[in-house]
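Everything below belongs to input.txt, which stores compact mmCIF, C-alpha atoms and all ligand atoms.
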# COMPACT_ATOMS: atom_id res chain seq x y z
CA MET A 6 46.63 161.11 157.48
CA ILE A 7 43.51 163.20 158.14
CA MET A 8 41.31 163.58 155.05
CA ASP A 9 38.25 165.74 154.48
CA PRO A 10 35.11 164.07 153.03
CA GLU A 11 35.94 165.09 149.43
CA GLN A 12 39.42 163.62 149.70
CA ILE A 13 38.00 160.38 151.10
CA VAL A 14 35.55 160.16 148.19
CA GLU A 15 38.38 160.81 145.72
CA GLN A 16 40.56 158.15 147.37
CA ILE A 17 37.67 155.65 147.30
CA ARG A 18 37.20 156.29 143.57
CA GLU A 19 40.90 155.71 142.88
CA LEU A 20 41.09 152.58 145.00
CA LYS A 21 37.96 151.26 143.31
CA LYS A 22 39.71 151.45 139.93
CA GLU A 23 42.95 150.02 141.28
CA ARG A 24 41.19 147.03 142.87
CA ASN A 25 38.68 146.58 140.03
CA ALA A 26 35.90 146.87 142.59
CA VAL A 27 32.21 147.70 142.58
CA ILE A 28 30.44 149.32 145.54
CA VAL A 29 26.83 148.45 146.33
CA ALA A 30 24.72 150.02 149.09
CA HIS A 31 21.35 149.21 150.62
CA THR A 32 18.89 152.13 150.72
CA TYR A 33 19.08 152.15 154.55
CA GLN A 34 22.73 153.23 154.35
CA ARG A 35 23.88 156.75 155.24
CA ALA A 36 23.29 159.26 152.41
CA GLU A 37 27.02 159.76 151.76
CA VAL A 38 27.53 155.99 151.47
CA GLN A 39 24.60 155.67 149.04
CA GLU A 40 26.18 158.50 147.03
CA ILE A 41 29.53 156.71 146.61
CA ALA A 42 27.86 153.45 145.49
CA ASP A 43 27.68 152.19 141.90
CA LYS A 44 24.35 150.57 142.69
CA THR A 45 21.79 151.16 145.44
CA GLY A 46 18.62 149.21 146.04
CA ASP A 47 16.70 146.76 148.19
CA SER A 48 17.89 143.26 149.09
CA TYR A 49 16.50 141.77 145.88
CA ALA A 50 17.89 144.39 143.48
CA LEU A 51 21.32 144.15 145.09
CA SER A 52 21.32 140.32 145.02
CA ARG A 53 20.50 140.28 141.33
CA PHE A 54 23.11 142.95 140.63
CA VAL A 55 25.96 141.20 142.46
CA SER A 56 25.09 137.85 140.87
CA GLN A 57 26.02 139.44 137.52
CA ALA A 58 28.97 141.58 138.70
CA LYS A 59 32.04 141.51 136.45
CA GLU A 60 34.49 143.19 138.87
CA ASP A 61 36.93 141.23 141.06
CA VAL A 62 35.86 142.85 144.31
CA ILE A 63 32.37 143.61 145.69
CA VAL A 64 32.23 146.13 148.54
CA PHE A 65 28.87 145.52 150.22
CA CYS A 66 27.61 148.48 152.26
CA GLY A 67 24.85 146.83 154.23
CA VAL A 68 24.64 144.19 156.93
CA HIS A 69 26.35 140.81 157.24
CA PHE A 70 23.67 138.55 155.70
CA MET A 71 23.64 140.74 152.57
CA ALA A 72 27.40 140.48 152.03
CA GLU A 73 27.20 136.77 152.79
CA SER A 74 24.47 136.34 150.15
CA ALA A 75 26.66 138.24 147.67
CA LYS A 76 29.52 135.78 148.36
CA ILE A 77 27.17 132.82 147.85
CA LEU A 78 25.90 134.27 144.55
CA SER A 79 29.37 135.31 143.34
CA PRO A 80 31.77 132.88 145.01
CA SER A 81 34.75 133.70 142.77
CA LYS A 82 34.69 137.36 143.87
CA THR A 83 36.25 138.92 146.92
CA VAL A 84 33.33 140.28 148.97
CA LEU A 85 34.11 142.93 151.60
CA LEU A 86 31.83 144.17 154.40
CA PRO A 87 33.23 147.60 155.40
CA ALA A 88 31.71 147.62 158.92
CA VAL A 89 32.70 144.24 160.29
CA ASN A 90 30.18 144.26 163.16
CA ALA A 91 27.15 145.34 161.09
CA GLY A 92 24.80 142.43 161.74
CA CYS A 93 21.05 141.95 161.51
CA PRO A 94 19.48 140.81 164.80
CA MET A 95 16.57 139.19 162.92
CA ALA A 96 18.95 137.01 160.87
CA ASN A 97 20.26 135.55 164.13
CA MET A 98 16.79 134.64 165.45
CA VAL A 99 16.80 131.26 163.73
CA THR A 100 19.58 128.67 163.31
CA GLY A 101 20.16 125.79 160.92
CA GLU A 102 19.34 123.44 163.80
CA ASP A 103 15.97 125.20 164.31
CA VAL A 104 15.15 124.69 160.62
CA ARG A 105 16.09 121.00 160.79
CA MET A 106 13.78 120.67 163.81
CA MET A 107 10.91 122.33 161.89
CA LYS A 108 11.47 120.01 158.91
CA GLU A 109 11.18 116.99 161.21
CA LYS A 110 8.03 118.41 162.75
CA TYR A 111 6.40 119.14 159.37
CA PRO A 112 7.61 116.49 156.90
CA GLY A 113 6.43 117.33 153.38
CA ALA A 114 6.53 121.09 153.98
CA ALA A 115 8.90 123.22 151.90
CA VAL A 116 11.20 125.71 153.65
CA ALA A 117 11.26 129.32 152.49
CA CYS A 118 13.74 131.58 154.21
CA TYR A 119 13.77 135.35 154.18
CA ILE A 120 17.07 136.62 152.77
CA ASN A 121 17.59 138.13 156.26
CA SER A 122 19.02 134.81 157.47
CA THR A 123 22.41 133.15 157.87
CA ALA A 124 24.15 131.01 155.22
CA GLU A 125 23.55 128.01 157.49
CA VAL A 126 19.78 128.63 157.39
CA LYS A 127 19.88 129.16 153.62
CA ALA A 128 21.69 125.83 153.27
CA GLU A 129 18.67 124.14 154.92
CA SER A 130 16.06 125.97 152.81
CA ASP A 131 14.33 125.13 149.53
CA VAL A 132 13.89 128.71 148.43
CA CYS A 133 14.93 132.17 149.54
CA VAL A 134 12.73 135.28 149.28
CA THR A 135 13.05 139.01 149.82
CA SER A 136 10.29 141.42 150.76
CA SER A 137 9.86 142.40 147.10
CA ASN A 138 9.37 138.91 145.65
CA ALA A 139 8.09 136.75 148.55
CA VAL A 140 4.45 136.58 147.40
CA LYS A 141 5.40 135.77 143.78
CA VAL A 142 8.03 133.18 144.71
CA ILE A 143 5.94 131.37 147.32
CA SER A 144 2.81 131.40 145.08
CA SER A 145 4.76 129.54 142.44
CA MET A 146 5.82 126.73 144.77
CA GLU A 147 4.15 123.34 144.45
CA GLU A 148 3.90 122.58 148.16
CA LYS A 149 0.88 123.77 150.13
CA ASP A 150 2.68 123.73 153.49
CA ILE A 151 5.51 126.26 153.69
CA ILE A 152 7.77 126.71 156.71
CA PHE A 153 8.72 130.40 156.69
CA VAL A 154 11.71 131.70 158.71
CA PRO A 155 12.57 133.95 160.46
CA ASP A 156 10.22 136.97 160.08
CA ARG A 157 6.75 136.34 161.56
CA ASN A 158 5.46 139.71 160.26
CA LEU A 159 6.48 139.16 156.64
CA GLY A 160 5.28 135.55 157.01
CA MET A 161 1.86 136.68 158.20
CA TYR A 162 1.62 139.19 155.35
CA ILE A 163 2.47 136.42 152.83
CA ALA A 164 -0.15 134.13 154.42
CA GLN A 165 -2.79 136.83 153.92
CA GLN A 166 -1.81 137.38 150.29
CA ILE A 167 -1.78 133.64 149.44
CA PRO A 168 -4.58 132.09 151.54
CA GLU A 169 -4.31 128.82 149.59
CA LYS A 170 -0.92 128.19 151.23
CA ASN A 171 -0.46 127.02 154.78
CA ILE A 172 2.37 129.22 156.09
CA LEU A 173 4.06 127.81 159.20
CA LEU A 174 5.61 130.77 160.99
CA TRP A 175 8.79 131.19 163.00
CA ASP A 176 8.79 133.79 165.77
CA GLY A 177 11.51 136.17 164.50
CA TYR A 178 11.11 139.87 163.78
CA CYS A 179 13.02 143.02 162.87
CA ILE A 180 13.73 145.01 166.03
CA VAL A 181 13.42 148.28 164.08
CA HIS A 182 10.07 147.70 162.36
CA GLU A 183 8.59 145.81 165.31
CA ALA A 184 9.17 148.83 167.56
CA LEU A 185 6.74 150.86 165.45
CA LYS A 186 3.32 150.66 167.11
CA GLU A 187 -0.22 150.95 165.82
CA GLU A 188 -0.78 154.07 167.96
CA ASP A 189 2.20 155.80 166.25
CA VAL A 190 0.70 155.46 162.79
CA VAL A 191 -2.84 156.24 163.97
CA LYS A 192 -1.53 159.45 165.56
CA TRP A 193 0.28 160.46 162.35
CA LYS A 194 -2.72 159.63 160.17
CA GLU A 195 -4.78 161.97 162.33
CA LEU A 196 -2.10 164.68 162.23
CA LYS A 197 -1.67 164.39 158.45
CA PRO A 198 -5.05 163.28 157.05
CA ASP A 199 -3.98 163.86 153.41
CA ALA A 200 -0.84 161.72 153.70
CA LEU A 201 -0.64 158.15 152.40
CA LEU A 202 0.83 155.52 154.74
CA LEU A 203 3.47 153.38 153.00
CA ALA A 204 4.70 150.42 155.06
CA HIS A 205 7.33 147.70 154.84
CA PRO A 206 5.97 144.16 155.44
CA GLU A 207 8.43 143.75 158.35
CA CYS A 208 5.98 145.99 160.29
CA ASN A 209 3.48 144.26 162.57
CA GLN A 210 -0.21 143.75 161.72
CA GLY A 211 -1.30 146.68 163.89
CA VAL A 212 0.62 148.98 161.51
CA LEU A 213 -0.06 147.12 158.25
CA VAL A 214 -3.86 147.25 158.64
CA HIS A 215 -3.66 151.06 158.30
CA ALA A 216 -1.32 151.06 155.27
CA ASP A 217 -2.34 152.47 151.88
CA PHE A 218 0.55 150.56 150.32
CA ILE A 219 2.76 147.70 151.52
CA GLY A 220 6.08 146.97 149.82
CA SER A 221 9.84 146.56 149.97
CA THR A 222 12.10 149.59 150.40
CA LYS A 223 12.48 149.90 146.64
CA ALA A 224 8.73 149.56 146.10
CA ILE A 225 8.11 152.33 148.68
CA ILE A 226 10.68 154.61 147.01
CA ASP A 227 9.20 153.93 143.54
CA TYR A 228 5.67 154.51 144.85
CA VAL A 229 6.48 158.05 146.03
CA ILE A 230 8.38 158.82 142.83
CA LYS A 231 5.45 157.71 140.64
CA GLU A 232 2.56 159.06 142.77
CA LYS A 233 3.11 162.67 141.72
CA SER A 234 -0.48 163.68 142.50
CA LYS A 235 0.27 163.19 146.23
CA LYS A 236 2.68 165.29 148.25
CA GLU A 237 2.55 163.87 151.79
CA PHE A 238 3.64 160.39 152.82
CA ILE A 239 3.94 158.69 156.20
CA ILE A 240 6.79 156.21 155.78
CA ALA A 241 6.78 153.08 157.94
CA THR A 242 10.29 151.85 157.28
CA GLU A 243 13.89 152.82 158.03
CA LYS A 244 14.79 156.50 157.52
CA GLY A 245 17.52 155.81 154.93
CA VAL A 246 14.88 155.66 152.18
CA ALA A 247 14.41 159.43 152.55
CA HIS A 248 17.65 160.03 150.64
CA PRO A 249 16.69 158.47 147.27
CA ILE A 250 13.12 159.74 147.59
CA LYS A 251 14.14 163.36 148.24
CA LYS A 252 16.61 163.26 145.33
CA ALA A 253 13.83 162.29 142.93
CA ARG A 254 10.98 164.19 144.61
CA PRO A 255 12.30 167.18 146.56
CA ASP A 256 8.72 168.50 146.76
CA ALA A 257 7.45 165.48 148.74
CA ASP A 258 6.86 165.77 152.49
CA LEU A 259 7.93 162.60 154.28
CA TYR A 260 6.89 161.81 157.85
CA PHE A 261 8.57 159.02 159.79
CA PRO A 262 6.04 158.10 162.49
CA SER A 263 8.55 157.06 165.18
CA PRO A 264 12.19 157.83 166.12
CA CYS A 265 12.66 154.04 166.31
CA LEU A 266 12.86 153.82 162.50
CA LEU A 267 16.63 153.86 162.44
CA CYS A 268 18.67 150.68 162.07
CA VAL A 269 21.92 151.19 164.00
CA ASN A 270 23.50 148.27 162.16
CA MET A 271 22.78 149.79 158.76
CA LYS A 272 24.23 153.09 159.96
CA LYS A 273 27.53 151.56 161.13
CA THR A 274 29.17 151.98 157.72
CA ASP A 275 30.71 155.38 157.02
CA LEU A 276 32.99 156.65 154.24
CA ILE A 277 36.13 155.88 156.24
CA ASP A 278 35.02 152.25 156.56
CA VAL A 279 34.54 152.05 152.78
CA TYR A 280 37.99 153.61 152.25
CA ASN A 281 39.61 151.20 154.76
CA ALA A 282 37.84 148.21 153.20
CA LEU A 283 39.33 149.00 149.79
CA ASN A 284 42.71 150.18 151.03
CA ASP A 285 43.36 147.20 153.32
CA MET A 286 41.09 144.72 151.52
CA GLN A 287 39.27 144.15 154.81
CA HIS A 288 36.75 142.54 156.03
CA GLU A 289 36.44 139.68 153.61
CA ILE A 290 33.46 137.31 153.77
CA LEU A 291 34.76 133.75 153.87
CA LEU A 292 32.53 130.69 153.60
CA SER A 293 33.31 127.01 153.06
CA GLU A 294 32.73 125.58 149.58
CA GLU A 295 30.21 123.17 151.06
CA ILE A 296 28.05 125.87 152.65
CA ILE A 297 28.23 128.00 149.46
CA LYS A 298 27.07 125.02 147.38
CA LYS A 299 24.19 124.18 149.71
CA ALA A 300 23.07 127.79 150.34
CA ARG A 301 23.29 128.75 146.67
CA ARG A 302 20.44 126.47 145.64
CA CYS A 303 17.79 128.50 147.45
CA LEU A 304 19.15 131.84 146.19
CA ASP A 305 19.33 130.58 142.59
CA ARG A 306 15.77 129.30 142.88
CA MET A 307 14.67 132.73 144.10
CA LEU A 308 16.29 134.39 141.09
CA GLU A 309 14.63 131.87 138.74
CA LEU A 310 11.16 132.34 140.24
CA SER A 311 11.16 136.13 140.58
P1 LIG A 401 14.30 145.07 151.65
O1 LIG A 401 15.65 145.49 151.23
O2 LIG A 401 13.92 143.78 151.00
O3 LIG A 401 13.25 146.09 151.47
O4 LIG A 401 14.38 144.71 153.22
C1 LIG A 401 14.57 145.64 154.18
C2 LIG A 401 15.43 145.18 155.27
O5 LIG A 401 15.09 145.18 156.41
C3 LIG A 401 16.75 144.82 154.97
O6 LIG A 401 17.35 144.44 156.13
FE1 LIG A 402 17.84 143.71 160.21
FE2 LIG A 402 15.72 145.25 160.65
FE3 LIG A 402 18.09 146.39 160.38
FE4 LIG A 402 16.88 145.27 158.27
S1 LIG A 402 16.20 147.04 159.42
S2 LIG A 402 19.01 145.04 158.87
S3 LIG A 402 15.84 143.52 159.25
S4 LIG A 402 17.47 144.99 162.01

Could you rewrite the structure in this file as structure tokens?
Amino acid sequence: MIMDPEQIVEQIRELKKERNAVIVAHTYQRAEVQEIADKTGDSYALSRFVSQAKEDVIVFCGVHFMAESAKILSPSKTVLLPAVNAGCPMANMVTGEDVRMMKEKYPGAAVACYINSTAEVKAESDVCVTSSNAVKVISSMEEKDIIFVPDRNLGMYIAQQIPEKNILLWDGYCIVHEALKEEDVVKWKELKPDALLLAHPECNQGVLVHADFIGSTKAIIDYVIKEKSKKEFIIATEKGVAHPIKKARPDADLYFPSPCLLCVNMKKTDLIDVYNALNDMQHEILLSEEIIKKARRCLDRMLELS
């Protein structure tokens, strides 16, 4: 059966009721996917939301580690990832074995993992963080030495914000944010001297030193919405954030300083995938009870501390 976009949306709404499902979408998702979602947000907002979800089924429009985290936080629910091959390259840059090796090398250090990591890595970690709560969560930890995996850029940003901690970095990075270069933002700052530069902490130091504001996707969106006295913004994160910003502030001019700011994995999910996920109850996230139990500790600790 060939359906037009309105019919697909209607079918998704019906199936959602039938399955007692909730749809969540990261703000890097396609605009039409964000529109069909019951909740949109950054990694932290979505984690908190799914941890309290009442529905039987959670359809997670995002990448694999996000749906996996939802399963860990809500193990009794059926969690579906509509685009089965939507992964996050950064999450695969460190393994559980790597973390065990770091713990042996630095006995006494606590392990903080970015939520962009596998369940196996979370199972080895003391606490999990997202870009919106990392500084708060890590500041409140007792240990001075903190092994931080996998994002070296976020890790370096945390180290600068909390100089009293000794942050031991892993060498992972986001292929999307890392591709943005200092010269790109310098060029755009020259082209648009009145614009503020808002950057995600997954960007490298060459970009972050020029930023007027550094924050998670949600923090960047909220910043533009609140900063009504400014009209022009250079946005150093993935282009999906333009959708919620333009809905709230159609008058704002947004400049994305490089064509690289597009995450192909986040864009893999389309409306047909969401429809198929609900219609065929596919692609379910399955994890062993043991890994859920071990990985849950660091996510619960994050929710307690943030
Ligand atoms: P936040 O959702 O924490 O802003 O992180 C962005 C990201 O890269 C998700 O993969
Ligand atoms: Fe992973 Fe970067 Fe894409 Fe986020 S934007 S999902 S960190 S590759």

Residues up to 9 Å from ligand LIG 402 (chain A), counting all atoms listed in the file: could you list those as a list in words?
Tyr33, Gly67, Val68, His69, Phe70, Met71, Ala91, Gly92, Cys93, Pro94, Met95, Ala96, Asn121, Asp156, Tyr178, Cys179, Ile180, Val181, His182, Glu183, Glu207, Thr242, Glu243, Leu266, Leu267, Cys268, Val269, Asn270 and Met271 of chain A

Test item: residues no farther than 6 Å from ligand LIG 401 (chain A), counting only C-alpha atoms and all ligand atoms, as a count of residues only:
7

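Considering the residues A:Val38, A:Tyr260, A:Ile13, A:Lys235 and counting only C-alpha atoms, A:Lys192 has its shortest atom-to-atom contact with A:Tyr260.
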
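Between A:Asn90 and the residues A:Lys223, A:Lys273, A:Lys110, A:Glu232, the shortest atom-to-atom distance, using all atoms listed in the file, involves A:Lys273.
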
Find the spatial neighbours of A:Ile239, counting only C-alpha atoms, within a cut-off of 7 Å - ignore same-chain residues fewer than 6 positions away - and output them as a PDB file with C-alpha atoms, in the coordinates of the input.
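Generated file (part_3.pdb):
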ATOM      1  CA  ALA A 200      -0.840 161.720 153.700  1.00  0.00           C
ATOM      2  CA  LEU A 201      -0.640 158.150 152.400  1.00  0.00           C
ATOM      3  CA  LEU A 202       0.830 155.520 154.740  1.00  0.00           C
ATOM      4  CA  LEU A 203       3.470 153.380 153.000  1.00  0.00           C
ATOM      5  CA  LEU A 259       7.930 162.600 154.280  1.00  0.00           C
ATOM      6  CA  TYR A 260       6.890 161.810 157.850  1.00  0.00           C
ATOM      7  CA  PHE A 261       8.570 159.020 159.790  1.00  0.00           C
ATOM      8  CA  PRO A 262       6.040 158.100 162.490  1.00  0.00           C
TER       9      PRO A 262
END

In Å, with one decimal, what is the gap from atom CA of A:Glu129 to atom CA of A:Arg306?
13.4 Å

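Atom CA of A:Val84 sits 16.2 Å away from atom CA of A:Ala300.
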
Step by step: locate stretch 155-270 of chain A in the block above, keep C-alpha atoms, then write the file as a CSV table (one decimal), in the first residue's frame.
chain,number,residue,atom,x,y,z
A,155,PRO,CA,34.7,8.2,25.3
A,156,ASP,CA,34.5,11.9,24.2
A,157,ARG,CA,37.8,13.7,24.6
A,158,ASN,CA,36.2,17.1,23.6
A,159,LEU,CA,33.5,16.9,26.2
A,160,GLY,CA,36.1,15.6,28.7
A,161,MET,CA,38.4,18.5,28.1
A,162,TYR,CA,35.5,20.9,28.5
A,163,ILE,CA,34.6,19.3,31.8
A,164,ALA,CA,38.2,19.5,32.9
A,165,GLN,CA,38.3,23.2,32.3
A,166,GLN,CA,35.1,23.8,34.2
A,167,ILE,CA,36.2,21.7,37.2
A,168,PRO,CA,39.9,22.3,37.5
A,169,GLU,CA,39.9,20.6,41.0
A,170,LYS,CA,39.3,17.3,39.3
A,171,ASN,CA,41.9,15.3,37.4
A,172,ILE,CA,40.0,14.1,34.3
A,173,LEU,CA,41.7,11.2,32.6
A,174,LEU,CA,40.6,11.3,28.9
A,175,TRP,CA,39.9,8.7,26.4
A,176,ASP,CA,40.5,9.5,22.7
A,177,GLY,CA,37.0,9.3,21.3
A,178,TYR,CA,35.1,12.0,19.5
A,179,CYS,CA,31.9,12.7,17.5
A,180,ILE,CA,32.7,12.5,13.8
A,181,VAL,CA,30.1,15.3,13.1
A,182,HIS,CA,31.2,17.9,15.6
A,183,GLU,CA,34.9,17.1,15.2
A,184,ALA,CA,34.7,17.9,11.5
A,185,LEU,CA,33.9,21.5,12.3
A,186,LYS,CA,37.1,23.5,12.2
A,187,GLU,CA,38.3,26.6,13.9
A,188,GLU,CA,38.6,28.4,10.5
A,189,ASP,CA,34.9,27.6,9.8
A,190,VAL,CA,33.7,29.5,12.8
A,191,VAL,CA,36.3,32.3,12.5
A,192,LYS,CA,35.1,32.8,8.9
A,193,TRP,CA,31.4,33.0,10.0
A,194,LYS,CA,32.2,35.3,12.9
A,195,GLU,CA,33.8,37.7,10.4
A,196,LEU,CA,30.9,37.3,7.9
A,197,LYS,CA,28.3,37.9,10.7
A,198,PRO,CA,29.9,40.1,13.3
A,199,ASP,CA,26.5,40.6,15.2
A,200,ALA,CA,25.8,36.9,15.5
A,201,LEU,CA,26.4,34.9,18.7
A,202,LEU,CA,28.3,31.6,18.4
A,203,LEU,CA,26.5,28.8,20.3
A,204,ALA,CA,28.4,25.5,20.4
A,205,HIS,CA,27.9,22.0,21.6
A,206,PRO,CA,30.7,20.7,23.9
A,207,GLU,CA,31.4,17.8,21.5
A,208,CYS,CA,33.1,20.5,19.3
A,209,ASN,CA,36.9,20.7,19.6
A,210,GLN,CA,38.8,23.4,21.5
A,211,GLY,CA,39.6,25.4,18.4
A,212,VAL,CA,35.8,26.0,18.0
A,213,LEU,CA,34.9,26.2,21.7
A,214,VAL,CA,37.4,29.1,22.4
A,215,HIS,CA,35.3,31.3,20.1
A,216,ALA,CA,31.9,30.4,21.5
A,217,ASP,CA,29.7,32.9,23.3
A,218,PHE,CA,27.7,30.0,24.8
A,219,ILE,CA,28.5,26.3,25.2
A,220,GLY,CA,25.7,23.8,26.0
A,221,SER,CA,23.7,20.7,25.1
A,222,THR,CA,21.3,20.8,22.2
A,223,LYS,CA,18.4,21.7,24.5
A,224,ALA,CA,20.5,24.4,26.1
A,225,ILE,CA,21.3,25.9,22.7
A,226,ILE,CA,17.6,25.8,21.7
A,227,ASP,CA,16.5,27.4,24.9
A,228,TYR,CA,19.3,30.0,24.6
A,229,VAL,CA,18.0,31.3,21.3
A,230,ILE,CA,14.4,31.2,22.5
A,231,LYS,CA,15.2,33.3,25.5
A,232,GLU,CA,17.7,35.7,24.0
A,233,LYS,CA,15.1,37.7,22.2
A,234,SER,CA,17.3,40.8,22.0
A,235,LYS,CA,19.5,39.0,19.5
A,236,LYS,CA,18.5,37.9,16.0
A,237,GLU,CA,21.5,36.2,14.5
A,238,PHE,CA,23.1,33.0,15.8
A,239,ILE,CA,25.9,30.8,14.4
A,240,ILE,CA,25.1,27.3,15.5
A,241,ALA,CA,27.9,24.8,16.1
A,242,THR,CA,25.9,21.6,16.4
A,243,GLU,CA,23.8,19.3,14.2
A,244,LYS,CA,21.3,21.0,11.9
A,245,GLY,CA,18.2,19.2,13.4
A,246,VAL,CA,18.1,21.9,16.2
A,247,ALA,CA,16.9,24.4,13.6
A,248,HIS,CA,13.4,22.9,13.6
A,249,PRO,CA,12.5,23.5,17.3
A,250,ILE,CA,14.3,26.9,17.2
A,251,LYS,CA,12.4,28.2,14.1
A,252,LYS,CA,9.1,27.0,15.5
A,253,ALA,CA,9.6,29.2,18.6
A,254,ARG,CA,11.6,32.0,17.0
A,255,PRO,CA,10.7,32.3,13.3
A,256,ASP,CA,12.4,35.7,13.3
A,257,ALA,CA,15.9,34.3,14.2
A,258,ASP,CA,18.6,33.9,11.6
A,259,LEU,CA,20.5,30.7,12.1
A,260,TYR,CA,23.9,30.0,10.4
A,261,PHE,CA,25.4,26.6,10.4
A,262,PRO,CA,29.1,27.2,9.8
A,263,SER,CA,29.8,23.9,7.9
A,264,PRO,CA,27.9,21.4,5.7
A,265,CYS,CA,29.5,18.7,8.0
A,266,LEU,CA,26.9,19.5,10.7
A,267,LEU,CA,24.6,16.7,9.7
A,268,CYS,CA,24.5,13.3,11.4
A,269,VAL,CA,23.6,10.7,8.9
A,270,ASN,CA,22.8,8.2,11.6
